[in-house]
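Student: Structure file structure.txt (compact mmCIF, C-alpha atoms) is given on the next line.
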```txt
# COMPACT_ATOMS: atom_id res chain seq x y z
CA MET Y 1 42.10 92.38 111.94
CA ASP Y 2 43.40 91.62 115.38
CA LYS Y 3 47.20 91.49 115.41
CA VAL Y 4 47.56 91.01 119.15
CA TYR Y 5 48.44 87.50 120.41
CA LYS Y 6 48.58 86.41 124.01
CA ASN Y 7 52.11 85.02 124.17
CA ALA Y 8 55.12 84.02 122.07
CA ALA Y 9 54.03 80.40 121.48
CA ASP Y 10 50.58 81.58 120.43
CA ALA Y 11 52.11 84.16 118.07
CA LEU Y 12 54.19 81.53 116.24
CA GLU Y 13 51.29 79.07 115.90
CA GLY Y 14 51.03 77.83 112.31
CA LEU Y 15 54.01 79.87 111.09
CA THR Y 16 56.96 77.51 111.57
CA PHE Y 17 58.12 74.63 109.41
CA ASP Y 18 61.32 72.62 108.82
CA GLY Y 19 63.81 74.16 106.39
CA MET Y 20 62.41 77.67 106.68
CA THR Y 21 64.37 80.93 106.57
CA ILE Y 22 64.12 83.17 109.61
CA MET Y 23 65.39 86.68 110.34
CA ALA Y 24 66.03 87.58 113.98
CA GLY Y 25 66.67 91.19 115.01
CA GLY Y 26 69.28 92.42 117.47
CA PHE Y 27 72.94 93.36 117.76
CA GLY Y 28 74.75 91.09 120.19
CA LEU Y 29 72.10 90.52 122.87
CA CYS Y 30 70.76 94.08 122.50
CA GLY Y 31 67.27 94.31 121.01
CA ILE Y 32 66.84 90.57 120.38
CA PRO Y 33 63.36 88.99 120.32
CA GLU Y 34 64.24 86.79 123.29
CA ASN Y 35 60.73 85.40 123.91
CA LEU Y 36 60.08 84.58 120.26
CA ILE Y 37 63.45 82.81 119.96
CA THR Y 38 62.54 80.60 122.91
CA ALA Y 39 59.14 79.90 121.34
CA LEU Y 40 60.84 79.05 118.04
CA ARG Y 41 63.04 76.55 119.87
CA ASP Y 42 59.97 75.03 121.53
CA SER Y 43 58.19 74.77 118.16
CA GLY Y 44 60.76 72.13 117.22
CA ALA Y 45 61.20 73.49 113.67
CA LYS Y 46 64.58 72.33 112.35
CA ASP Y 47 67.03 72.74 109.44
CA LEU Y 48 66.57 76.47 109.82
CA THR Y 49 68.47 79.13 107.91
CA VAL Y 50 68.81 82.03 110.31
CA ILE Y 51 69.74 85.54 109.21
CA SER Y 52 70.95 87.55 112.18
CA ASN Y 53 73.93 89.84 112.72
CA ASN Y 54 75.23 87.62 115.55
CA ALA Y 55 74.53 84.16 116.91
CA GLY Y 56 73.75 85.00 120.53
CA VAL Y 57 75.91 83.59 123.34
CA ASP Y 58 76.11 79.94 124.39
CA ASP Y 59 73.19 80.10 126.82
CA PHE Y 60 71.05 82.98 125.55
CA GLY Y 61 69.39 84.21 122.39
CA LEU Y 62 70.10 82.20 119.24
CA GLY Y 63 72.55 80.11 121.30
CA PHE Y 64 69.45 78.16 122.42
CA LEU Y 65 68.77 77.05 118.85
CA LEU Y 66 72.39 76.04 118.34
CA GLN Y 67 72.33 73.89 121.46
CA THR Y 68 69.31 72.00 120.11
CA ARG Y 69 70.92 71.84 116.63
CA GLN Y 70 67.84 73.37 114.97
CA ILE Y 71 69.97 75.71 112.85
CA LYS Y 72 71.42 74.39 109.59
CA LYS Y 73 72.86 77.65 108.32
CA MET Y 74 73.59 81.12 109.66
CA ILE Y 75 73.98 84.33 107.67
CA SER Y 76 75.80 86.74 109.99
CA SER Y 77 78.57 89.32 110.17
CA TYR Y 78 80.16 88.32 113.47
CA VAL Y 79 79.80 85.20 115.61
CA GLY Y 80 82.78 85.61 117.94
CA GLU Y 81 80.77 85.49 121.16
CA ASN Y 82 79.50 81.95 120.75
CA LYS Y 83 81.67 78.90 121.48
CA THR Y 84 78.94 76.41 120.52
CA PHE Y 85 78.84 78.07 117.13
CA GLU Y 86 82.57 77.77 116.62
CA THR Y 87 82.57 74.08 117.63
CA GLN Y 88 79.66 73.19 115.33
CA TYR Y 89 81.09 75.20 112.46
CA LEU Y 90 84.60 73.77 112.69
CA SER Y 91 83.19 70.22 112.86
CA GLY Y 92 81.16 70.90 109.69
CA GLU Y 93 77.72 70.52 111.32
CA LEU Y 94 76.78 74.11 110.68
CA ASP Y 95 76.88 76.09 107.47
CA LEU Y 96 77.90 79.71 107.66
CA GLU Y 97 77.75 82.66 105.30
CA PHE Y 98 79.61 85.75 106.48
CA ASN Y 99 78.35 89.07 105.18
CA PRO Y 100 79.99 92.41 105.96
CA GLN Y 101 77.68 94.08 108.47
CA GLY Y 102 76.70 96.98 106.22
CA THR Y 103 76.13 94.62 103.30
CA LEU Y 104 73.93 92.43 105.49
CA ALA Y 105 71.89 95.43 106.65
CA GLU Y 106 71.49 96.70 103.10
CA ARG Y 107 70.60 93.24 101.70
CA ILE Y 108 67.75 93.05 104.21
CA ARG Y 109 66.65 96.64 103.55
CA ALA Y 110 66.71 95.94 99.79
CA GLY Y 111 64.82 92.66 100.17
CA GLY Y 112 62.04 94.38 102.09
CA ALA Y 113 61.92 97.24 99.58
CA GLY Y 114 61.55 94.98 96.52
CA ILE Y 115 65.08 95.57 95.26
CA PRO Y 116 66.61 92.26 94.07
CA GLY Y 117 70.22 93.47 93.92
CA PHE Y 118 72.58 96.42 94.33
CA TYR Y 119 76.25 97.31 93.92
CA THR Y 120 78.64 98.10 96.76
CA LYS Y 121 82.37 98.69 97.07
CA THR Y 122 82.44 96.83 100.39
CA GLY Y 123 84.47 93.64 99.98
CA VAL Y 124 85.92 94.34 96.52
CA GLY Y 125 89.14 92.29 96.14
CA THR Y 126 88.35 90.07 99.14
CA LEU Y 127 86.89 86.55 99.65
CA ILE Y 128 83.45 88.21 99.79
CA ALA Y 129 83.72 89.19 96.11
CA GLU Y 130 84.33 85.63 94.88
CA GLY Y 131 81.69 84.51 92.40
CA LYS Y 132 79.96 87.88 92.40
CA GLU Y 133 79.42 90.15 89.42
CA GLU Y 134 81.83 93.08 89.39
CA LYS Y 135 81.05 96.35 87.65
CA GLU Y 136 82.74 99.71 87.28
CA PHE Y 137 81.02 102.99 88.06
CA GLY Y 138 83.01 106.21 87.61
CA GLY Y 139 86.27 104.26 87.38
CA GLU Y 140 85.74 102.39 90.67
CA SER Y 141 84.93 98.70 91.12
CA TYR Y 142 81.78 97.51 92.85
CA ILE Y 143 80.32 94.05 93.49
CA MET Y 144 76.72 93.00 93.17
CA GLU Y 145 74.90 91.84 96.28
CA THR Y 146 71.36 90.46 96.34
CA GLY Y 147 68.38 91.42 98.48
CA LEU Y 148 67.38 89.09 101.31
CA VAL Y 149 63.89 88.05 102.38
CA ALA Y 150 62.65 85.50 104.92
CA ASP Y 151 59.64 83.29 105.56
CA LEU Y 152 59.42 84.76 109.04
CA SER Y 153 60.97 87.78 110.76
CA LEU Y 154 61.17 87.89 114.54
CA ILE Y 155 61.80 91.33 115.94
CA LYS Y 156 61.83 93.29 119.20
CA ALA Y 157 60.58 96.84 119.76
CA TRP Y 158 60.15 99.09 122.77
CA LYS Y 159 56.60 100.34 122.29
CA GLY Y 160 53.95 99.20 119.89
CA ASP Y 161 50.28 99.87 119.37
CA THR Y 162 47.65 97.30 118.49
CA GLU Y 163 48.02 98.14 114.76
CA GLY Y 164 51.71 97.20 114.93
CA ASN Y 165 53.13 100.72 114.73
CA LEU Y 166 56.48 100.52 116.49
CA MET Y 167 59.07 102.60 118.30
CA PHE Y 168 62.51 101.31 119.20
CA ARG Y 169 64.72 102.46 122.05
CA LYS Y 170 68.38 103.60 121.80
CA THR Y 171 70.76 101.07 120.18
CA ALA Y 172 68.18 98.27 120.51
CA ARG Y 173 66.88 99.45 117.12
CA ASN Y 174 69.78 98.03 115.04
CA PHE Y 175 68.54 95.40 112.51
CA ASN Y 176 64.92 95.31 113.70
CA PRO Y 177 63.36 97.93 111.36
CA MET Y 178 64.78 96.38 108.17
CA MET Y 179 63.93 92.83 109.21
CA ALA Y 180 60.35 93.93 109.89
CA THR Y 181 60.06 94.79 106.19
CA ALA Y 182 61.71 91.63 104.82
CA GLY Y 183 59.64 88.85 106.36
CA THR Y 184 56.70 87.24 104.56
CA VAL Y 185 55.28 87.29 108.07
CA THR Y 186 56.73 89.52 110.79
CA VAL Y 187 56.10 88.93 114.48
CA VAL Y 188 57.15 91.52 117.05
CA GLU Y 189 57.51 91.41 120.81
CA VAL Y 190 57.20 94.73 122.62
CA GLU Y 191 57.82 95.91 126.18
CA GLU Y 192 54.80 98.20 126.15
CA LEU Y 193 51.65 97.59 124.13
CA VAL Y 194 49.40 100.64 123.86
CA LYS Y 195 46.09 101.52 122.23
CA VAL Y 196 45.98 103.00 118.76
CA GLY Y 197 46.39 106.76 118.99
CA GLU Y 198 48.73 106.73 121.96
CA LEU Y 199 51.95 106.87 119.90
CA ASP Y 200 52.82 110.15 118.19
CA PRO Y 201 52.47 109.36 114.44
CA ASP Y 202 55.55 111.51 113.76
CA CYS Y 203 57.67 109.34 116.04
CA ILE Y 204 56.83 105.92 114.66
CA HIS Y 205 59.95 104.11 113.40
CA THR Y 206 58.20 101.14 111.79
CA PRO Y 207 54.66 101.52 110.38
CA GLY Y 208 52.17 98.77 111.22
CA ILE Y 209 51.85 97.56 107.62
CA TYR Y 210 54.99 95.45 108.15
CA ILE Y 211 53.70 93.73 111.29
CA GLN Y 212 51.30 90.77 111.23
CA ARG Y 213 51.44 89.64 114.85
CA ILE Y 214 52.35 91.40 118.07
CA ILE Y 215 52.83 90.33 121.67
CA LYS Y 216 53.66 92.12 124.89
CA ALA Y 217 56.44 90.31 126.74
CA LYS Y 218 58.86 90.54 129.65
CA HIS Y 219 62.54 90.90 128.77
CA GLU Y 220 65.59 89.76 130.65
CA LYS Y 221 67.80 92.08 128.53
CA ARG Y 222 71.05 90.35 129.37
CA ILE Y 223 74.20 92.49 129.08
CA GLU Y 224 77.28 91.01 127.38
CA GLN Y 225 79.97 93.49 128.43
CA ARG Y 226 79.05 95.46 131.52
CA THR Y 227 81.63 98.25 131.43
CA ILE Y 228 81.37 100.97 134.05
CA ARG Y 229 83.28 104.01 135.25
CA GLN Y 230 83.47 105.32 138.80
CA ARG Y 231 81.47 108.45 139.54
CA GLY Y 232 83.69 111.51 138.98
CA GLU Y 233 85.84 109.75 136.36
CA ASP Y 234 85.67 111.08 132.82
CA MET B 1 111.89 102.56 123.95
CA PRO B 2 108.99 101.42 121.80
CA TRP B 3 105.66 103.11 122.48
CA THR B 4 103.20 101.56 124.93
CA ARG B 5 99.54 100.98 123.96
CA GLU B 6 98.60 104.25 125.65
CA GLU B 7 101.35 106.14 123.83
CA MET B 8 100.22 104.69 120.50
CA ALA B 9 96.65 105.72 121.28
CA LYS B 10 97.79 109.21 122.29
CA HIS B 11 99.74 109.47 119.06
CA ALA B 12 96.70 108.45 117.04
CA SER B 13 94.63 111.17 118.72
CA ARG B 14 96.56 113.71 116.58
CA GLU B 15 94.38 112.47 113.73
CA PHE B 16 91.37 114.18 115.27
CA GLN B 17 90.35 117.47 113.70
CA ASP B 18 87.70 119.83 114.94
CA GLY B 19 84.28 118.78 113.68
CA PHE B 20 85.32 115.24 112.70
CA TYR B 21 82.94 112.28 112.79
CA VAL B 22 85.02 109.26 113.81
CA ASN B 23 84.56 105.51 114.11
CA LEU B 24 86.93 103.69 116.49
CA GLY B 25 87.53 99.94 116.36
CA ILE B 26 87.73 97.56 119.30
CA GLY B 27 90.93 97.30 121.43
CA ILE B 28 93.69 99.94 121.32
CA PRO B 29 91.62 102.12 118.92
CA THR B 30 88.96 102.50 121.65
CA LEU B 31 91.64 104.01 123.94
CA VAL B 32 92.18 106.87 121.47
CA ALA B 33 88.91 108.42 122.68
CA ASN B 34 90.66 109.12 126.01
CA TYR B 35 93.04 111.55 124.29
CA ILE B 36 90.76 113.87 122.33
CA PRO B 37 92.68 117.20 122.51
CA ASP B 38 91.13 120.17 124.31
CA GLY B 39 89.29 122.46 121.93
CA VAL B 40 88.83 119.72 119.32
CA ASP B 41 85.22 118.68 118.94
CA VAL B 42 84.88 115.09 117.74
CA THR B 43 81.68 113.04 117.40
CA LEU B 44 82.10 109.27 117.78
CA GLN B 45 80.00 106.93 115.67
CA SER B 46 79.12 103.41 116.76
CA GLU B 47 78.15 101.26 113.79
CA ASN B 48 75.34 99.45 115.59
CA GLY B 49 73.38 102.69 115.19
CA MET B 50 74.51 105.68 117.23
CA LEU B 51 76.17 109.02 116.63
CA GLY B 52 77.53 110.90 119.64
CA MET B 53 78.84 108.15 121.90
CA GLY B 54 79.47 109.11 125.54
CA PRO B 55 81.73 107.52 128.19
CA PHE B 56 81.08 104.23 130.00
CA PRO B 57 78.15 104.52 132.44
CA THR B 58 78.35 104.67 136.22
CA GLU B 59 76.78 101.64 137.93
CA ASP B 60 73.36 103.30 138.14
CA GLU B 61 73.42 104.57 134.55
CA VAL B 62 73.83 101.09 132.99
CA ASP B 63 71.19 100.53 130.29
CA ALA B 64 70.96 97.22 128.41
CA ASP B 65 69.49 99.06 125.40
CA LEU B 66 72.59 101.24 125.07
CA ILE B 67 75.76 99.52 123.89
CA ASN B 68 78.61 100.21 121.47
CA ALA B 69 79.79 98.03 118.60
CA GLY B 70 82.01 96.10 121.03
CA LYS B 71 78.81 95.22 122.99
CA GLN B 72 80.02 97.35 125.94
CA THR B 73 77.56 99.45 127.91
CA ILE B 74 77.97 103.17 127.18
CA THR B 75 76.10 106.47 127.65
CA GLU B 76 74.55 109.09 125.40
CA LEU B 77 75.35 112.79 125.08
CA ARG B 78 73.12 115.78 124.41
CA ARG B 79 73.99 115.56 120.72
CA THR B 80 73.30 111.82 120.41
CA SER B 81 71.10 110.37 117.69
CA TYR B 82 70.06 106.75 117.13
CA PHE B 83 69.28 105.01 113.84
CA SER B 84 69.05 101.58 112.23
CA SER B 85 72.02 99.49 111.07
CA ALA B 86 71.06 100.26 107.44
CA ASP B 87 71.23 104.02 108.13
CA SER B 88 74.45 103.53 110.05
CA PHE B 89 76.18 101.84 107.14
CA ALA B 90 74.72 104.31 104.64
CA MET B 91 76.63 106.88 106.69
CA ILE B 92 79.79 104.76 106.55
CA ARG B 93 79.60 103.50 102.96
CA GLY B 94 78.43 106.88 101.70
CA GLY B 95 81.67 108.55 102.80
CA HIS B 96 80.19 110.71 105.56
CA ILE B 97 82.56 109.51 108.30
CA ASP B 98 85.90 111.38 108.32
CA LEU B 99 88.14 108.89 110.07
CA SER B 100 88.29 105.26 111.09
CA ILE B 101 90.97 103.96 113.47
CA LEU B 102 91.21 100.19 113.70
CA GLY B 103 93.46 97.25 114.55
CA ALA B 104 95.13 94.86 112.10
CA MET B 105 96.75 91.46 111.81
CA GLU B 106 98.63 92.37 108.61
CA VAL B 107 99.07 95.42 106.35
CA SER B 108 100.77 95.32 102.95
CA GLU B 109 103.08 97.98 101.55
CA GLU B 110 100.28 99.09 99.21
CA GLY B 111 97.84 99.50 102.08
CA ASP B 112 95.93 96.21 101.85
CA LEU B 113 94.49 95.27 105.24
CA ALA B 114 93.85 91.85 106.82
CA ASN B 115 92.13 91.83 110.20
CA TRP B 116 89.17 89.46 110.20
CA MET B 117 90.09 85.85 109.69
CA ILE B 118 92.69 83.16 110.22
CA PRO B 119 91.58 80.22 108.04
CA GLY B 120 90.89 77.04 110.02
CA LYS B 121 91.62 78.78 113.29
CA MET B 122 89.61 81.88 113.94
CA VAL B 123 86.09 82.20 112.58
CA LYS B 124 84.58 85.25 114.17
CA GLY B 125 83.58 87.32 111.13
CA MET B 126 84.38 90.75 109.77
CA GLY B 127 81.58 92.65 111.47
CA GLY B 128 81.61 96.18 110.05
CA ALA B 129 85.33 96.32 109.21
CA MET B 130 84.98 95.75 105.44
CA ASP B 131 82.34 98.47 105.14
CA LEU B 132 84.40 100.89 107.24
CA VAL B 133 87.60 100.55 105.22
CA ALA B 134 85.66 100.76 101.94
CA GLY B 135 83.69 103.85 102.85
CA VAL B 136 85.44 106.02 105.44
CA LYS B 137 87.55 108.90 104.09
CA ARG B 138 90.72 108.17 106.08
CA VAL B 139 91.77 104.82 107.55
CA VAL B 140 94.43 104.63 110.28
CA VAL B 141 95.70 101.33 111.69
CA ILE B 142 97.13 100.95 115.20
CA MET B 143 98.90 97.65 115.85
CA ASP B 144 101.96 96.03 117.40
CA HIS B 145 104.79 96.12 114.90
CA ASN B 146 105.31 92.36 115.10
CA ALA B 147 103.19 89.35 116.04
CA LYS B 148 103.82 87.66 119.40
CA SER B 149 105.92 85.10 117.51
CA GLY B 150 108.07 87.97 116.24
CA ALA B 151 106.76 87.60 112.68
CA ALA B 152 106.45 90.76 110.59
CA LYS B 153 102.96 92.25 110.22
CA LEU B 154 103.94 94.93 107.69
CA LEU B 155 104.32 92.72 104.62
CA LYS B 156 104.95 92.93 100.88
CA ASN B 157 101.62 91.17 100.43
CA CYS B 158 99.14 90.06 103.08
CA VAL B 159 98.98 86.29 103.62
CA LEU B 160 95.65 86.28 105.50
CA PRO B 161 92.29 86.92 103.78
CA LEU B 162 91.89 90.63 103.06
CA THR B 163 89.49 93.08 104.64
CA GLY B 164 90.14 95.67 101.94
CA VAL B 165 92.50 96.45 99.05
CA LYS B 166 94.62 99.65 99.15
CA VAL B 167 92.60 101.12 101.98
CA VAL B 168 95.10 102.04 104.73
CA ASP B 169 96.43 105.63 104.84
CA ARG B 170 98.57 105.48 108.00
CA ILE B 171 99.92 102.82 110.37
CA ILE B 172 100.97 103.54 113.94
CA THR B 173 102.98 100.75 115.57
CA ASP B 174 105.00 100.60 118.78
CA LEU B 175 108.10 101.38 116.67
CA GLY B 176 106.92 104.30 114.57
CA VAL B 177 104.50 105.83 112.07
CA PHE B 178 104.15 104.92 108.38
CA ASP B 179 102.20 106.71 105.67
CA ILE B 180 100.98 104.98 102.53
CA ASP B 181 100.09 106.70 99.26
CA ASP B 182 100.44 105.94 95.55
CA SER B 183 104.24 106.17 95.84
CA GLY B 184 104.31 103.43 98.48
CA MET B 185 105.07 103.18 102.18
CA ARG B 186 107.11 105.81 104.01
CA LEU B 187 108.44 105.84 107.57
CA THR B 188 107.68 109.29 108.96
CA GLU B 189 108.29 108.96 112.68
CA LEU B 190 110.26 106.78 115.12
CA ALA B 191 109.50 105.91 118.73
CA PRO B 192 112.21 106.98 121.22
CA ASP B 193 115.52 105.11 120.89
CA VAL B 194 114.23 103.06 117.95
CA THR B 195 116.50 103.11 114.87
CA VAL B 196 115.67 102.87 111.18
CA GLU B 197 117.86 99.74 111.13
CA GLU B 198 115.76 98.04 113.80
CA VAL B 199 112.55 98.91 111.97
CA LYS B 200 113.99 97.49 108.73
CA GLN B 201 114.95 94.24 110.45
CA ARG B 202 111.48 93.82 111.86
CA THR B 203 109.56 94.74 108.68
CA GLU B 204 109.06 92.71 105.50
CA ALA B 205 107.42 95.52 103.50
CA ALA B 206 109.66 97.84 101.52
CA PHE B 207 109.48 101.42 102.77
CA LYS B 208 111.22 104.73 102.20
CA VAL B 209 112.41 106.90 105.04
CA ALA B 210 110.91 110.39 105.00
CA ASP B 211 113.41 113.25 104.54
CA ASP B 212 111.88 114.97 107.53
CA LEU B 213 111.76 111.82 109.71
CA ILE B 214 110.73 112.72 113.25
CA LYS B 215 112.76 111.09 116.03
CA ASN B 216 110.87 111.27 119.31
```
The structure given in the file should be rewritten as structure tokens.
Tutor:
Amino acid sequence: MDKVYKNAADALEGLTFDGMTIMAGGFGLCGIPENLITALRDSGAKDLTVISNNAGVDDFGLGFLLQTRQIKKMISSYVGENKTFETQYLSGELDLEFNPQGTLAERIRAGGAGIPGFYTKTGVGTLIAEGKEEKEFGGESYIMETGLVADLSLIKAWKGDTEGNLMFRKTARNFNPMMATAGTVTVVEVEELVKVGELDPDCIHTPGIYIQRIIKAKHEKRIEQRTIRQRGED
Amino acid sequence: MPWTREEMAKHASREFQDGFYVNLGIGIPTLVANYIPDGVDVTLQSENGMLGMGPFPTEDEVDADLINAGKQTITELRRTSYFSSADSFAMIRGGHIDLSILGAMEVSEEGDLANWMIPGKMVKGMGGAMDLVAGVKRVVVIMDHNAKSGAAKLLKNCVLPLTGVKVVDRIITDLGVFDIDDSGMRLTELAPDVTVEEVKQRTEAAFKVADDLIKN
């Protein structure tokens, strides 16, 4: 089966619909599927529930989908970089579910691994625990969290082969590997697309079984906080 | 003279022990990395998926694929490893990180922490803070002793939504150092020229004064 598509719009063809749940990889603007997000905006699909650690910035990443009001609900751990988000949330236009970052990562990992729920001590005694089952293990309290899955996962990798085997680069890995496993369909955009056999099988981070469609794309890779030191400084 | 931000950070660096794996929060906690004592080997964890965080890059080393949890560009070291966010929080939640130093809006006398939300006003999210305070072995808070309005931040009970319950082990403010254990909160150290009386006036939480109180 050929998993390679010619561009982002082509790769999303027939996959999007109103009211769907989408996972989008990345941490801040690092390792986000920037081309697929733009294609999702252009697909016009609306009332989306988007699961992503952050919400992009006003004019990049998921910020695009907030501008066009295609997102109905976000499930995130931190949205502090996006003013549009704050405005829409405070005016009640946008629904928001905050998850602690580790809980969000584990919910996605669990969802992709066929685990419907798990217990964690993160958030015990806080707003996060409200309405959740609490259970003691070894004298300590834990709350139950559920696994997360999505209709479509959009992820970004560094290198991929035509079977969808993937390698990520540095901290651009973040949520991408778990999201790859938790989508009914997972589409990946890579910087380098190589032939099968060119990646060392021992160095593959995400096996191709999780990937249904793959594109090679150009990436702007915008930086949020460019912090530098002078040469010679520690 | 109350301590400056740098002095608070320097003070917090005494928490570092040789071989420690440490997670530093955003703001003053990040400054603590500048004061790692000579001969003490500390590995910094960044919860977006990196162990062995290096300094900020020079202009030509900037790499968009290499950022810390504050979204700042950084560099790697020879010891660096990268992993997913799920692995990163397994490390945190599983109790493998020795020390977390982070900021706070409020801390209660029992060690409850509030640092992620002001209802109706600030909706940014907790990021990894709830996981860190639940899982890391030792939690140290660095914060100004009072809010800009002058209001106390060391309280009997936190007013703001909590990040964690009974999670803080030590608080370093511009006025002094407090330790919290099952017997409650104890003032162990004072900044130069700061008196116990002044600290009491500016604190709502009840605290004991350590017998061996250090006056700097």
Student: Between B:Asp63, B:Asp131, B:Asp38, B:Glu76, which residue has the minimum interatomic distance to chain Y, considering only C-alpha atoms?
Tutor: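 Among B:Asp63, B:Asp131, B:Asp38, B:Glu76, it is B:Asp131 that comes nearest to chain Y.
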Student: Determine the nearest neighbour of chain Y from the options B:Gly176, B:Pro37, B:Gly54, B:Gly49, counting all atoms listed in the file.
Tutor: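 Result for the nearest residue to chain Y: B:Gly49.
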Student: With a distance threshold of 8 Å and counting only C-alpha atoms, extract the residues of chain Y near chain B and express them as a short mmCIF file (atom, residue, chain, number, x, y, z; two decimals) with C-alpha atoms, in the frame of the given file.
Tutor:
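And here's selection_0.cif as it stands now:
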```
data_model
loop_
_atom_site.label_atom_id
_atom_site.label_comp_id
_atom_site.auth_asym_id
_atom_site.auth_seq_id
_atom_site.Cartn_x
_atom_site.Cartn_y
_atom_site.Cartn_z
CA PHE Y 27 72.94 93.36 117.76
CA GLY Y 28 74.75 91.09 120.19
CA CYS Y 30 70.76 94.08 122.50
CA GLY Y 31 67.27 94.31 121.01
CA SER Y 76 75.80 86.74 109.99
CA SER Y 77 78.57 89.32 110.17
CA TYR Y 78 80.16 88.32 113.47
CA VAL Y 79 79.80 85.20 115.61
CA GLY Y 80 82.78 85.61 117.94
CA GLU Y 81 80.77 85.49 121.16
CA GLU Y 86 82.57 77.77 116.62
CA LEU Y 90 84.60 73.77 112.69
CA PHE Y 98 79.61 85.75 106.48
CA ASN Y 99 78.35 89.07 105.18
CA PRO Y 100 79.99 92.41 105.96
CA GLN Y 101 77.68 94.08 108.47
CA GLY Y 102 76.70 96.98 106.22
CA THR Y 103 76.13 94.62 103.30
CA ALA Y 105 71.89 95.43 106.65
CA GLU Y 106 71.49 96.70 103.10
CA ARG Y 109 66.65 96.64 103.55
CA LYS Y 121 82.37 98.69 97.07
CA THR Y 122 82.44 96.83 100.39
CA GLY Y 123 84.47 93.64 99.98
CA VAL Y 124 85.92 94.34 96.52
CA GLY Y 125 89.14 92.29 96.14
CA THR Y 126 88.35 90.07 99.14
CA LEU Y 127 86.89 86.55 99.65
CA ARG Y 169 64.72 102.46 122.05
CA LYS Y 170 68.38 103.60 121.80
CA THR Y 171 70.76 101.07 120.18
CA ALA Y 172 68.18 98.27 120.51
CA ARG Y 173 66.88 99.45 117.12
CA ASN Y 174 69.78 98.03 115.04
CA PHE Y 175 68.54 95.40 112.51
CA ASN Y 176 64.92 95.31 113.70
CA PRO Y 177 63.36 97.93 111.36
CA MET Y 178 64.78 96.38 108.17
CA LYS Y 221 67.80 92.08 128.53
CA ARG Y 222 71.05 90.35 129.37
CA ILE Y 223 74.20 92.49 129.08
CA GLU Y 224 77.28 91.01 127.38
CA GLN Y 225 79.97 93.49 128.43
CA ARG Y 226 79.05 95.46 131.52
CA THR Y 227 81.63 98.25 131.43
CA ILE Y 228 81.37 100.97 134.05
CA ARG Y 229 83.28 104.01 135.25
CA GLN Y 230 83.47 105.32 138.80
CA ARG Y 231 81.47 108.45 139.54
CA ASP Y 234 85.67 111.08 132.82
#
```
Student: Could you name the residues that touch region 186-194 of chain Y at 6 Å or less, counting all atoms listed in the file, but leaving out those on the same chain fewer than 3 positions away, as a list in words?
Tutor: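 Using all atoms listed in the file, the neighbours found are Leu152, Ser153, Leu154, Ile155, Lys156, Ala157, Trp158, Lys159, Gly160, Asp161, Ala180, Gly183, Ile211, Gln212, Arg213, Ile214, Ile215, Lys216 and Ala217 of chain Y.
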Student: What is the distance between CA of Arg69 (chain Y) and CA of Ala8 (chain Y), in Å to one decimal?
Tutor: 20.7 Å
Student: For a test of reading the model, state the distance in Å between CA of Gly131 (chain Y) and CA of Glu97 (chain Y), rounded to one decimal.
Tutor: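 Rounded to one decimal, the two atoms are 13.6 Å apart.
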Student: Any idea what the distance is between CA of Leu166 (chain Y) and CA of Leu199 (chain Y)?
Tutor: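 A separation of 8.5 Å between them.
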Student: Compile the contact shell of Ile115 (chain Y) as a VMD selection string: residues with an atom at most 9 Å away, counting all atoms listed in the file, same-chain residues fewer than 6 positions apart removed.
Tutor: chain Y and resid 107 109 146 to 147
Student: For a quick check of understanding, using only C-alpha atoms, which of Y:Leu148, Y:Ala129, Y:Ala45, Y:Ala110 has the smallest distance to Gly14 (chain Y)?
Tutor: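 Selected residue with least distance to Gly14 (chain Y): Y:Ala45.
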Student: Name the residues in contact with Ala9 (chain B) at a cut-off of 8 Å, using all atoms listed in the file, excluding same-chain residues fewer than 4 positions from it; report them as a list of chain:residue names.
Tutor: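 So the residues in contact are B:Arg5, B:Ser13, B:Ile28, B:Pro29, B:Leu31, B:Val32, B:Tyr35, B:Ile142.
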Student: Given the choices B:Asp174, B:Asn23, B:Asp182, B:Thr43, which gets closest to Val199 (chain B) if the distance is worked out from only C-alpha atoms?
Tutor: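 So, comparing all the options, the nearest one is B:Asp174.
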Student: Extract, using only C-alpha atoms, all DNA, RNA and protein residues at most 6 Å from Ile101 (chain B), discarding same-chain residues fewer than 3 positions from it, and format them as an NGL selection string.
Tutor: :B and (24 or 29 or 140-141)
